[in-house]
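*Asks:* The structure is given below, and queries will be raised subsequently.
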Amino acid sequence: MPPVFRFAPSPNGFLHLGHAYSALLNFDRARETGGRLLLRIEDIDTTRCRPEFEAAIYEDLSWLGIDWEMPVRRQSEHLPDYRAALDKLSALGLVYPAFESRAEIARLVSAREGEGRWPRDPDGAPLYPGNVKSLPVDARERLIISGVPYALRLDMAAACQRVAGLTWTELGEGADAERGIVPARPEAWGDVILARKETPTSYHLSVVVDDALQGVSEIVRGQDLFHATAVHRLLQVLLGLPEPSYRHHRLICDCEGRKLSKSSRSTGLRELRAAGASPASIRALVGLG
Ligand code: GLU
């Protein structure tokens, strides 16, 4: 079976050099290995995703000389797939509704921090401080029926008890990349959100479901998602999904060494193209020669 790769941008802004690097690496790997390249549009956050950004993704990738298999998978069209996975995790007793607002969570975190150090996740955000896990089922149901918004969270301690020796295979991109079997520590993320009242999925859940449904065998993506792989591996094991390998690549940074954002105009593909850049010069700029 040929290897399957995917590029999975979110249409919440225009693509920049960092996306170009990731997309070109996927495209090159697929070509070198006789593999397939899929494109997935990660558009579950309807408040930030816009059709014009999606149209620009197709245009910019084509301009770079990248082609991908059709049809493109748009996550917003597959919500039942994510709901089915969520139901499976709920049936295992691993999901609970958490009713705190963002402001309440921030208050709880500062209270915990006042009592001493409160742990942060690998991205630097404080772990979820709530304890509604212990709320009796009838109290939960009353709150849900009364219309209070909620997030569905993974009971991380219970989930971790079901899996032992969780690891992933890191292929690493570049000369000094970390490679080999990496121990996965999903507990470092606390009780992550899997879905919300109005959205039956989250980044972690949909990425895992889609990679499996699309048969992705090698995930090539930015180093910023290296630690999130622990959560993805946990969900794969809990849901009985196959294990892909991972190749995390360096991030392209701006001249001050910061990770590029979708609003950094000087590194936007559209701006570079308007200023006369060619697809070959974009390759050179990201170090792909
Ligand atoms: N949609 C994510 C992003 O644009 C990428 C997800 C992934 O590659 O796993 O950052």
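In the structure tokens, chains take letters A, B, ... by order of appearance, with residues numbered from 1 within each chain and ligands from 1 in the order shown.
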Residues within 7 Å of Glu170 of chain A, please, as a PDB file with all heavy atoms, in the first residue's frame. Count only C-alpha atoms; anything in the same chain fewer than 5 positions from it doesn't count.
*Replies:*
ATOM      1  N   ARG A 179      14.359  11.683  16.941  1.00  0.00           N
ATOM      2  CA  ARG A 179      13.845  10.525  16.186  1.00  0.00           C
ATOM      3  C   ARG A 179      13.735   9.319  17.085  1.00  0.00           C
ATOM      4  O   ARG A 179      14.503   9.189  18.028  1.00  0.00           O
ATOM      5  CB  ARG A 179      14.828  10.118  15.080  1.00  0.00           C
ATOM      6  CG  ARG A 179      14.832  11.023  13.928  1.00  0.00           C
ATOM      7  CD  ARG A 179      15.616  10.462  12.741  1.00  0.00           C
ATOM      8  NE  ARG A 179      15.436  11.385  11.651  1.00  0.00           N
ATOM      9  CZ  ARG A 179      16.087  12.523  11.515  1.00  0.00           C
ATOM     10  NH1 ARG A 179      17.014  12.850  12.368  1.00  0.00           N
ATOM     11  NH2 ARG A 179      15.825  13.327  10.502  1.00  0.00           N
ATOM     12  N   GLY A 180      12.828   8.429  16.746  1.00  0.00           N
ATOM     13  CA  GLY A 180      12.739   7.161  17.474  1.00  0.00           C
ATOM     14  C   GLY A 180      11.384   6.982  18.125  1.00  0.00           C
ATOM     15  O   GLY A 180      10.404   7.621  17.732  1.00  0.00           O
ATOM     16  N   ILE A 181      11.362   6.121  19.119  1.00  0.00           N
ATOM     17  CA  ILE A 181      10.115   5.841  19.838  1.00  0.00           C
ATOM     18  C   ILE A 181      10.026   6.830  20.994  1.00  0.00           C
ATOM     19  O   ILE A 181      10.886   6.842  21.868  1.00  0.00           O
ATOM     20  CB  ILE A 181      10.098   4.385  20.368  1.00  0.00           C
ATOM     21  CG1 ILE A 181      10.354   3.383  19.229  1.00  0.00           C
ATOM     22  CG2 ILE A 181       8.793   4.073  21.092  1.00  0.00           C
ATOM     23  CD1 ILE A 181       9.292   3.358  18.152  1.00  0.00           C
ATOM     24  N   VAL A 182       9.015   7.673  20.961  1.00  0.00           N
ATOM     25  CA  VAL A 182       8.897   8.735  21.962  1.00  0.00           C
ATOM     26  C   VAL A 182       7.840   8.329  23.000  1.00  0.00           C
ATOM     27  O   VAL A 182       6.722   7.965  22.619  1.00  0.00           O
ATOM     28  CB  VAL A 182       8.468  10.063  21.286  1.00  0.00           C
ATOM     29  CG1 VAL A 182       8.345  11.190  22.303  1.00  0.00           C
ATOM     30  CG2 VAL A 182       9.441  10.448  20.177  1.00  0.00           C
ATOM     31  N   SER A 245       2.766   7.073  11.638  1.00  0.00           N
ATOM     32  CA  SER A 245       4.022   7.609  12.159  1.00  0.00           C
ATOM     33  C   SER A 245       3.986   9.127  12.004  1.00  0.00           C
ATOM     34  O   SER A 245       3.168   9.665  11.248  1.00  0.00           O
ATOM     35  CB  SER A 245       5.220   6.991  11.443  1.00  0.00           C
ATOM     36  OG  SER A 245       5.036   7.087  10.067  1.00  0.00           O
ATOM     37  N   TYR A 246       4.874   9.800  12.740  1.00  0.00           N
ATOM     38  CA  TYR A 246       4.862  11.266  12.780  1.00  0.00           C
ATOM     39  C   TYR A 246       6.220  11.806  12.367  1.00  0.00           C
ATOM     40  O   TYR A 246       7.248  11.237  12.710  1.00  0.00           O
ATOM     41  CB  TYR A 246       4.525  11.756  14.204  1.00  0.00           C
ATOM     42  CG  TYR A 246       3.080  11.462  14.573  1.00  0.00           C
ATOM     43  CD1 TYR A 246       2.717  10.208  15.070  1.00  0.00           C
ATOM     44  CD2 TYR A 246       2.086  12.406  14.388  1.00  0.00           C
ATOM     45  CE1 TYR A 246       1.391   9.922  15.380  1.00  0.00           C
ATOM     46  CE2 TYR A 246       0.764  12.129  14.697  1.00  0.00           C
ATOM     47  CZ  TYR A 246       0.420  10.891  15.191  1.00  0.00           C
ATOM     48  OH  TYR A 246      -0.891  10.614  15.484  1.00  0.00           O
ATOM     49  N   ARG A 247       6.170  12.900  11.628  1.00  0.00           N
ATOM     50  CA  ARG A 247       7.403  13.585  11.235  1.00  0.00           C
ATOM     51  C   ARG A 247       7.170  15.066  11.520  1.00  0.00           C
ATOM     52  O   ARG A 247       6.511  15.762  10.743  1.00  0.00           O
ATOM     53  CB  ARG A 247       7.657  13.345   9.735  1.00  0.00           C
ATOM     54  CG  ARG A 247       8.975  13.908   9.220  1.00  0.00           C
ATOM     55  CD  ARG A 247       9.107  13.681   7.716  1.00  0.00           C
ATOM     56  NE  ARG A 247       9.259  12.282   7.364  1.00  0.00           N
ATOM     57  CZ  ARG A 247      10.423  11.619   7.308  1.00  0.00           C
ATOM     58  NH1 ARG A 247      11.555  12.243   7.564  1.00  0.00           N
ATOM     59  NH2 ARG A 247      10.447  10.348   6.990  1.00  0.00           N
TER      60      ARG A 247
END
*Asks:* Counting only C-alpha atoms and all ligand atoms, what residues are within 8 Å of ligand 1, given as an MDAnalysis selection string?
*Replies:* chainID A and resid 6:11 41:42 203 207 219:222 225
*Asks:* Between A:Ser76, A:Asp121, A:Asp155, A:Pro242, which residue has the minimum interatomic distance to Val95 of chain A, considering only C-alpha atoms?
*Replies:*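 Selected residue with least distance to Val95 of chain A: A:Asp155.
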*Asks:* Which one of A:Leu251, A:Asp138, A:Gly240, A:Ile145 sits closest to Gly174 of chain A if you count only C-alpha atoms?
*Replies:*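 For Gly174 of chain A, the nearest of the given residues is A:Leu251.
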*Asks:* Counting only C-alpha atoms, which residue out of A:Gly18, A:Pro200, A:Pro2, A:Pro186 sits closest to Leu285 of chain A?
*Replies:*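 Using only C-alpha atoms, Leu285 of chain A sits closest to A:Gly18.
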*Asks:* Given the choices A:Asp254, A:Glu198, A:Asp67, A:Asp87, which gets closest to Pro149 of chain A if the distance is worked out from only C-alpha atoms?
*Replies:*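 Selected residue with least distance to Pro149 of chain A: A:Glu198.
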*Asks:* I'd like the neighbourhood of Pro126 of chain A as a list in words, where a residue qualifies if any of its atoms comes within 10 Å (using only C-alpha atoms), though same-chain residues fewer than 3 positions away should be ignored.
*Replies:*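 My list of contacting residues is Ile105, Ala106, Val109, Ser110, Glu113, Trp118, Pro119, Arg120, Asp121, Pro122, Asp123, Pro129, Trp189 and Gly190 of chain A.
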*Asks:* Rank nothing, just name the residue among A:Arg29, A:His248, A:Arg233, A:Arg73 nearest to Phe5 of chain A, using only C-alpha atoms.
*Replies:*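 Looking only at the distances to Phe5 of chain A, the closest residue turns out to be A:Arg29.
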*Asks:* Would you compute the distance between atom CA of Val286 of chain A and atom CA of Trp63 of chain A? Give it in Å to one decimal.
*Replies:*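 Rounded to one decimal, the two atoms are 15.8 Å apart.
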*Asks:* Given the choices A:Met70, A:Leu89, A:Ile252, A:Leu17, which gets closest to Ser281 of chain A if the distance is worked out from only C-alpha atoms?
*Replies:*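 With only C-alpha atoms as the atom set, the closest residue is A:Leu17.
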*Asks:* Within segment 105-254 of chain A, find each residue whose DSSP state, derived from the backbone, is alpha helix (DSSP H), and express the selection as a ChimeraX atom specification.
*Replies:* /A:105-115,137-145,156-162,203-213,229-239
*Asks:* Could you pull out the residues in segment 93-272 of chain A that DSSP calls strand (DSSP E) from the backbone, as a compact mmCIF listing (two decimals) with N, CA, C and O atoms, in the first residue's frame?
*Replies:*
# COMPACT_ATOMS: atom_id res chain seq x y z
N VAL A 95 -15.89 10.64 29.37
CA VAL A 95 -16.22 12.01 28.98
C VAL A 95 -17.19 12.59 30.00
O VAL A 95 -18.10 11.90 30.45
N TYR A 96 -16.98 13.84 30.39
CA TYR A 96 -17.93 14.48 31.31
C TYR A 96 -18.15 15.94 30.91
O TYR A 96 -17.25 16.56 30.33
N PRO A 97 -19.35 16.46 31.21
CA PRO A 97 -19.60 17.87 30.86
C PRO A 97 -19.05 18.78 31.95
O PRO A 97 -19.21 18.51 33.14
N ALA A 98 -18.40 19.84 31.55
CA ALA A 98 -17.85 20.83 32.49
C ALA A 98 -18.53 22.16 32.18
O ALA A 98 -18.53 22.60 31.02
N ALA A 151 -18.61 22.28 28.11
CA ALA A 151 -17.60 21.63 27.27
C ALA A 151 -17.56 20.17 27.69
O ALA A 151 -17.71 19.87 28.89
N LEU A 152 -17.38 19.26 26.74
CA LEU A 152 -17.22 17.86 27.09
C LEU A 152 -15.73 17.58 27.19
O LEU A 152 -14.99 17.82 26.24
N ARG A 153 -15.31 17.15 28.38
CA ARG A 153 -13.87 16.95 28.63
C ARG A 153 -13.55 15.48 28.79
O ARG A 153 -14.38 14.69 29.23
N LEU A 154 -12.31 15.15 28.43
CA LEU A 154 -11.81 13.79 28.61
C LEU A 154 -11.36 13.63 30.07
O LEU A 154 -10.61 14.47 30.57
N THR A 167 3.33 5.25 23.36
CA THR A 167 4.46 5.88 22.66
C THR A 167 4.02 6.30 21.26
O THR A 167 2.92 5.95 20.83
N TRP A 168 4.88 7.04 20.55
CA TRP A 168 4.69 7.20 19.12
C TRP A 168 6.02 7.10 18.40
O TRP A 168 7.08 7.25 19.00
N THR A 169 5.94 6.85 17.09
CA THR A 169 7.14 6.74 16.27
C THR A 169 7.40 8.08 15.62
O THR A 169 6.58 8.57 14.84
N GLU A 170 8.52 8.69 15.99
CA GLU A 170 8.88 10.00 15.46
C GLU A 170 9.96 9.83 14.40
O GLU A 170 11.05 9.32 14.71
N GLY A 180 12.83 8.43 16.75
CA GLY A 180 12.74 7.16 17.47
C GLY A 180 11.38 6.98 18.12
O GLY A 180 10.40 7.62 17.73
N ILE A 181 11.36 6.12 19.12
CA ILE A 181 10.11 5.84 19.84
C ILE A 181 10.03 6.83 20.99
O ILE A 181 10.89 6.84 21.87
N VAL A 182 9.01 7.67 20.96
CA VAL A 182 8.90 8.74 21.96
C VAL A 182 7.84 8.33 23.00
O VAL A 182 6.72 7.96 22.62
N PRO A 183 8.16 8.39 24.29
CA PRO A 183 7.13 8.10 25.30
C PRO A 183 6.07 9.21 25.27
O PRO A 183 6.43 10.40 25.25
N ILE A 193 -10.51 19.36 26.23
CA ILE A 193 -11.87 19.47 25.68
C ILE A 193 -11.97 18.60 24.43
O ILE A 193 -11.12 18.66 23.53
N LEU A 194 -13.02 17.79 24.36
CA LEU A 194 -13.26 16.95 23.17
C LEU A 194 -14.37 17.50 22.30
O LEU A 194 -14.47 17.16 21.12
N ALA A 195 -15.25 18.28 22.90
CA ALA A 195 -16.38 18.83 22.15
C ALA A 195 -17.02 19.91 23.01
O ALA A 195 -16.67 20.05 24.19
N ARG A 196 -17.92 20.68 22.39
CA ARG A 196 -18.67 21.67 23.16
C ARG A 196 -20.14 21.46 22.86
O ARG A 196 -20.49 20.81 21.88
N GLU A 218 1.54 8.61 7.38
CA GLU A 218 2.67 9.42 7.88
C GLU A 218 2.21 10.87 8.01
O GLU A 218 1.83 11.49 7.02
N ILE A 219 2.24 11.36 9.24
CA ILE A 219 1.77 12.72 9.50
C ILE A 219 2.96 13.66 9.54
O ILE A 219 3.81 13.54 10.42
N VAL A 220 3.01 14.56 8.57
CA VAL A 220 4.10 15.53 8.49
C VAL A 220 3.50 16.88 8.89
O VAL A 220 2.60 17.38 8.21
N ARG A 221 3.94 17.43 10.00
CA ARG A 221 3.37 18.69 10.48
C ARG A 221 4.36 19.40 11.37
O ARG A 221 5.43 18.87 11.69
N GLY A 222 4.00 20.61 11.79
CA GLY A 222 4.94 21.47 12.52
C GLY A 222 5.25 20.97 13.92
O GLY A 222 4.45 20.29 14.57
N SER A 245 2.77 7.07 11.64
CA SER A 245 4.02 7.61 12.16
C SER A 245 3.99 9.13 12.00
O SER A 245 3.17 9.66 11.25
N TYR A 246 4.87 9.80 12.74
CA TYR A 246 4.86 11.27 12.78
C TYR A 246 6.22 11.81 12.37
O TYR A 246 7.25 11.24 12.71
N ARG A 247 6.17 12.90 11.63
CA ARG A 247 7.40 13.59 11.24
C ARG A 247 7.17 15.07 11.52
O ARG A 247 6.51 15.76 10.74
N HIS A 248 7.64 15.53 12.66
CA HIS A 248 7.44 16.94 13.01
C HIS A 248 8.60 17.75 12.44
O HIS A 248 9.75 17.36 12.58
N HIS A 249 8.25 18.85 11.82
CA HIS A 249 9.30 19.67 11.20
C HIS A 249 9.48 21.00 11.92
O HIS A 249 8.57 21.46 12.61
*Asks:* Mind giving me the straight-line distance from atom CA of Ile66 of chain A to atom CA of Ser278 of chain A in Å, one decimal?
*Replies:*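 Calculated distance between atom CA of Ile66 of chain A and atom CA of Ser278 of chain A is 13.6 Å.
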*Asks:* Tell me which protein, DNA and RNA residues are within 10 Å of Gln214 of chain A, counting only C-alpha atoms, leaving out same-chain ones fewer than 2 positions away, and put them as a ChimeraX atom specification.
*Replies:* /A:4-6,38,40,73,209-212,216-217
*Asks:* For Ala164 of chain A, please output as a PyMOL selection string all residues within 12 Å (counting only C-alpha atoms; exclusion window: fewer than 4 positions along the same chain).
*Replies:* chain A and resi 158-160+183-186+233-234+237-238
*Asks:* So the first atom is atom CA of Ala84 of chain A and the second is atom CA of Ile144 of chain A; what is the distance between them in Å, to one decimal place?
*Replies:*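 Separation between atom CA of Ala84 of chain A and atom CA of Ile144 of chain A: 19.9 Å.
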